[in-house]
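Source file data_9.tsv; content: TSV, C-alpha atoms.
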```tsv
chain	number	residue	atom	x	y	z
G	29	MET	CA	-31.81	53.45	-37.65
G	30	PRO	CA	-32.21	56.78	-35.83
G	31	ASP	CA	-35.89	55.93	-35.17
G	32	PHE	CA	-34.87	52.66	-33.52
G	33	LEU	CA	-32.31	54.39	-31.28
G	34	ASP	CA	-34.74	57.15	-30.35
G	35	GLY	CA	-37.34	54.53	-29.43
G	36	LYS	CA	-34.90	52.64	-27.22
G	37	ARG	CA	-33.79	55.87	-25.50
G	38	LYS	CA	-37.44	56.69	-24.74
G	39	GLU	CA	-38.07	53.17	-23.37
G	40	ILE	CA	-35.03	53.43	-21.10
G	41	ALA	CA	-36.00	56.90	-19.88
G	42	GLN	CA	-39.55	55.71	-19.14
G	43	ARG	CA	-38.32	52.64	-17.24
G	44	LEU	CA	-35.88	54.78	-15.21
G	45	SER	CA	-38.70	57.11	-14.21
G	46	GLU	CA	-40.79	54.08	-13.15
G	47	LEU	CA	-37.96	52.68	-11.00
G	48	LYS	CA	-36.95	55.94	-9.33
G	49	PRO	CA	-39.50	55.69	-6.44
G	50	ALA	CA	-38.31	52.14	-5.66
G	51	VAL	CA	-34.69	53.29	-5.51
G	52	GLU	CA	-35.59	56.18	-3.23
G	53	GLU	CA	-37.53	53.82	-0.94
G	54	HIS	CA	-34.53	51.49	-0.85
G	55	HIS	CA	-32.28	54.35	0.31
G	56	ARG	CA	-34.78	55.43	2.98
G	57	LEU	CA	-35.09	51.87	4.30
G	58	THR	CA	-31.31	51.41	4.35
G	59	ASP	CA	-30.89	54.62	6.36
G	60	ALA	CA	-33.66	53.58	8.78
G	61	ALA	CA	-32.09	50.14	9.31
G	62	ALA	CA	-28.71	51.73	10.04
G	63	ALA	CA	-30.29	54.15	12.53
G	64	LEU	CA	-32.11	51.30	14.30
G	65	GLU	CA	-28.91	49.27	14.46
G	66	LYS	CA	-27.10	52.16	16.19
G	67	ILE	CA	-29.96	52.63	18.66
G	68	GLY	CA	-30.11	48.91	19.39
G	69	ARG	CA	-26.39	48.64	20.15
G	70	SER	CA	-26.24	51.72	22.35
G	71	ALA	CA	-29.37	50.73	24.28
G	72	LEU	CA	-28.09	47.19	24.79
G	73	SER	CA	-24.71	48.36	26.05
G	74	ALA	CA	-26.42	50.67	28.55
G	75	ILE	CA	-28.58	47.83	29.93
G	76	ALA	CA	-26.33	44.77	29.83
G	77	PRO	CA	-23.03	44.77	31.71
G	78	ALA	CA	-19.94	44.01	29.65
G	79	ARG	CA	-18.48	40.52	29.95
G	80	ARG	CA	-15.08	40.41	31.50
G	81	GLY	CA	-13.62	37.58	29.49
G	82	PRO	CA	-14.07	34.01	28.38
G	83	GLY	CA	-15.90	31.49	30.44
G	84	ARG	CA	-19.33	30.93	31.81
G	85	PRO	CA	-21.47	33.80	33.04
G	86	PRO	CA	-21.84	34.07	36.81
G	87	GLY	CA	-24.35	31.66	38.31
G	88	SER	CA	-24.42	29.23	35.39
G	89	ARG	CA	-22.25	26.52	36.96
G	90	ARG	CA	-23.65	23.55	38.77
G	91	THR	CA	-23.42	23.66	42.51
G	92	ALA	CA	-22.42	20.84	44.85
G	93	THR	CA	-26.10	20.32	45.66
G	94	GLY	CA	-27.06	19.82	42.01
G	95	ALA	CA	-28.22	16.46	40.68
G	96	GLY	CA	-25.38	14.05	40.01
G	97	ALA	CA	-22.79	16.25	41.65
G	98	LYS	CA	-20.04	14.92	43.86
G	99	ALA	CA	-20.05	15.99	47.47
G	100	SER	CA	-16.58	17.49	47.26
G	101	GLY	CA	-16.92	19.46	44.02
G	102	GLY	CA	-19.44	20.95	41.67
G	103	LYS	CA	-19.00	18.62	38.73
G	104	PRO	CA	-20.93	15.38	38.24
G	105	ALA	CA	-19.01	12.14	38.61
G	106	ARG	CA	-17.65	10.52	35.45
G	107	PRO	CA	-18.86	7.02	34.74
G	108	ALA	CA	-16.47	4.44	36.15
G	109	ALA	CA	-14.58	2.17	33.79
G	110	LYS	CA	-15.47	-1.49	33.75
G	111	PRO	CA	-12.83	-3.80	35.21
G	112	GLY	CA	-10.17	-4.60	32.67
G	113	ARG	CA	-11.17	-1.75	30.32
G	114	PRO	CA	-9.69	1.73	30.01
G	115	ALA	CA	-11.71	4.73	31.13
G	116	PRO	CA	-14.12	6.07	28.47
G	117	LYS	CA	-12.69	8.88	26.36
G	118	ARG	CA	-14.38	12.22	26.09
G	119	ARG	CA	-15.75	13.23	22.73
G	120	ALA	CA	-13.46	15.56	20.86
G	121	GLY	CA	-16.39	17.68	19.67
G	122	ARG	CA	-17.55	18.49	16.19
G	123	ARG	CA	-14.99	18.13	13.42
G	124	LYS	CA	-13.79	21.33	11.85
G	125	GLY	CA	-15.55	22.15	8.62
G	126	SER	CA	-18.47	19.79	9.17
G	127	GLY	CA	-21.14	22.31	10.16
G	128	THR	CA	-23.87	23.99	8.19
G	129	ARG	CA	-21.63	26.93	7.28
G	130	ALA	CA	-19.11	24.53	5.80
G	131	ALA	CA	-21.86	22.90	3.75
G	132	GLU	CA	-23.03	26.32	2.60
G	133	ALA	CA	-19.47	27.33	1.67
G	134	LEU	CA	-19.03	24.04	-0.21
G	135	SER	CA	-22.20	24.65	-2.22
G	136	PHE	CA	-20.96	28.13	-3.21
G	137	VAL	CA	-17.57	26.68	-4.24
G	138	ARG	CA	-19.35	24.06	-6.35
G	139	GLY	CA	-21.54	26.74	-7.91
G	140	GLN	CA	-18.66	29.08	-8.70
G	141	PRO	CA	-15.31	27.25	-8.97
G	142	GLY	CA	-12.32	29.50	-8.33
G	143	ILE	CA	-14.21	31.69	-5.82
G	144	THR	CA	-11.99	33.52	-3.34
G	145	ILE	CA	-12.58	33.80	0.39
G	146	PRO	CA	-13.52	37.52	0.27
G	147	GLU	CA	-16.08	36.80	-2.46
G	148	LEU	CA	-17.40	33.82	-0.53
G	149	ALA	CA	-17.69	35.82	2.71
G	150	ALA	CA	-19.61	38.57	0.91
G	151	LYS	CA	-22.05	36.04	-0.59
G	152	MET	CA	-22.58	34.28	2.75
G	153	GLY	CA	-22.78	37.51	4.75
G	154	ILE	CA	-20.10	36.45	7.26
G	155	LYS	CA	-16.58	37.54	8.13
G	156	GLN	CA	-13.63	36.23	6.16
G	157	ASN	CA	-11.67	34.96	9.16
G	158	TYR	CA	-14.25	32.22	9.74
G	159	LEU	CA	-13.76	30.92	6.21
G	160	TYR	CA	-9.97	30.87	6.66
G	161	ARG	CA	-10.63	28.13	9.25
G	162	VAL	CA	-13.45	26.30	7.46
G	163	LEU	CA	-12.04	25.91	3.96
G	164	PRO	CA	-8.71	24.30	5.00
G	165	GLY	CA	-10.82	21.80	6.97
G	166	LEU	CA	-12.81	21.03	3.85
G	167	GLU	CA	-9.52	20.68	1.97
G	168	LYS	CA	-8.27	18.12	4.51
G	169	GLU	CA	-11.50	16.18	4.06
G	170	GLY	CA	-10.82	16.15	0.30
G	171	LYS	CA	-13.90	18.16	-0.66
G	172	VAL	CA	-12.15	21.26	-2.08
G	173	THR	CA	-8.73	22.26	-3.38
G	174	LYS	CA	-6.99	25.61	-3.35
G	175	ASN	CA	-5.82	26.96	-6.69
G	176	GLY	CA	-3.96	30.23	-6.24
G	177	ARG	CA	-6.33	32.43	-4.23
G	178	GLY	CA	-9.44	30.60	-5.41
G	179	TRP	CA	-11.10	27.41	-4.17
G	180	ARG	CA	-12.42	24.64	-6.41
G	181	PRO	CA	-14.47	21.52	-5.68
G	182	LYS	CA	-12.50	18.31	-5.78
G	183	GLY	CA	-13.64	15.52	-8.06
```
If you convert what's in this file into structure tokens, what do you get?
Amino acid sequence: MPDFLDGKRKEIAQRLSELKPAVEEHHRLTDAAAALEKIGRSALSAIAPARRGPGRPPGSRRTATGAGAKASGGKPARPAAKPGRPAPKRRAGRRKGSGTRAAEALSFVRGQPGITIPELAAKMGIKQNYLYRVLPGLEKEGKVTKNGRGWRPKG
């Protein structure tokens, strides 16, 4: 029995010595990536002016001379309603929880039932607050259910 244990200890020590250069390279690359990220952010903030708030950037709006624009304003005219019919409704936009991130989150929930939002965010590489909006949308659609802190696929 002692020969077996000594053999295993030697195998482990040999494998550790083989892996040590890869681990050191990993640490060097991680440090280099962090340094480049700092340089990239500081250089970008020095070049690009900070945005002042929500909305379109200056110069991106259509002007009154643009194609399809009304003479009095900068927006194009809405299509007129046919006689006897109500005006066409605007699209409400994409439904919550129907994008590719929602599909990705759903696949992780199916793969690991009971997964929590922090675990899911770490696996997807995104912030948790996004998932606090997406998963309730998936729950309303009947695709997942919440069980305590974890989420499970429905059906």
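Of note, atom CA of Gly183 of chain G and atom CA of Lys171 of chain G are spaced 7.9 Å apart.
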Please provide the set of residues having any atom within 10 Å of Val172 of chain G, restricted to all atoms listed in the file, with same-chain residues fewer than 2 positions apart removed, written as a PDB file with C-alpha atoms, keeping the file's coordinate frame.
```
ATOM      1  CA  LEU G 134     -19.030  24.040  -0.210  1.00  0.00           C
ATOM      2  CA  VAL G 137     -17.570  26.680  -4.240  1.00  0.00           C
ATOM      3  CA  ARG G 138     -19.350  24.060  -6.350  1.00  0.00           C
ATOM      4  CA  PRO G 141     -15.310  27.250  -8.970  1.00  0.00           C
ATOM      5  CA  LEU G 163     -12.040  25.910   3.960  1.00  0.00           C
ATOM      6  CA  PRO G 164      -8.710  24.300   5.000  1.00  0.00           C
ATOM      7  CA  GLY G 165     -10.820  21.800   6.970  1.00  0.00           C
ATOM      8  CA  LEU G 166     -12.810  21.030   3.850  1.00  0.00           C
ATOM      9  CA  GLU G 167      -9.520  20.680   1.970  1.00  0.00           C
ATOM     10  CA  LYS G 168      -8.270  18.120   4.510  1.00  0.00           C
ATOM     11  CA  GLU G 169     -11.500  16.180   4.060  1.00  0.00           C
ATOM     12  CA  GLY G 170     -10.820  16.150   0.300  1.00  0.00           C
ATOM     13  CA  LYS G 174      -6.990  25.610  -3.350  1.00  0.00           C
ATOM     14  CA  ASN G 175      -5.820  26.960  -6.690  1.00  0.00           C
ATOM     15  CA  TRP G 179     -11.100  27.410  -4.170  1.00  0.00           C
ATOM     16  CA  ARG G 180     -12.420  24.640  -6.410  1.00  0.00           C
ATOM     17  CA  PRO G 181     -14.470  21.520  -5.680  1.00  0.00           C
ATOM     18  CA  LYS G 182     -12.500  18.310  -5.780  1.00  0.00           C
ATOM     19  CA  GLY G 183     -13.640  15.520  -8.060  1.00  0.00           C
TER      20      GLY G 183
END
```
### Query
To one decimal place, how far is atom CA of Ile145 of chain G from atom CA of Ala62 of chain G in Å?
26.0 Å
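We find atom CA of Lys155 of chain G and atom CA of Arg129 of chain G to be spaced 11.8 Å apart.
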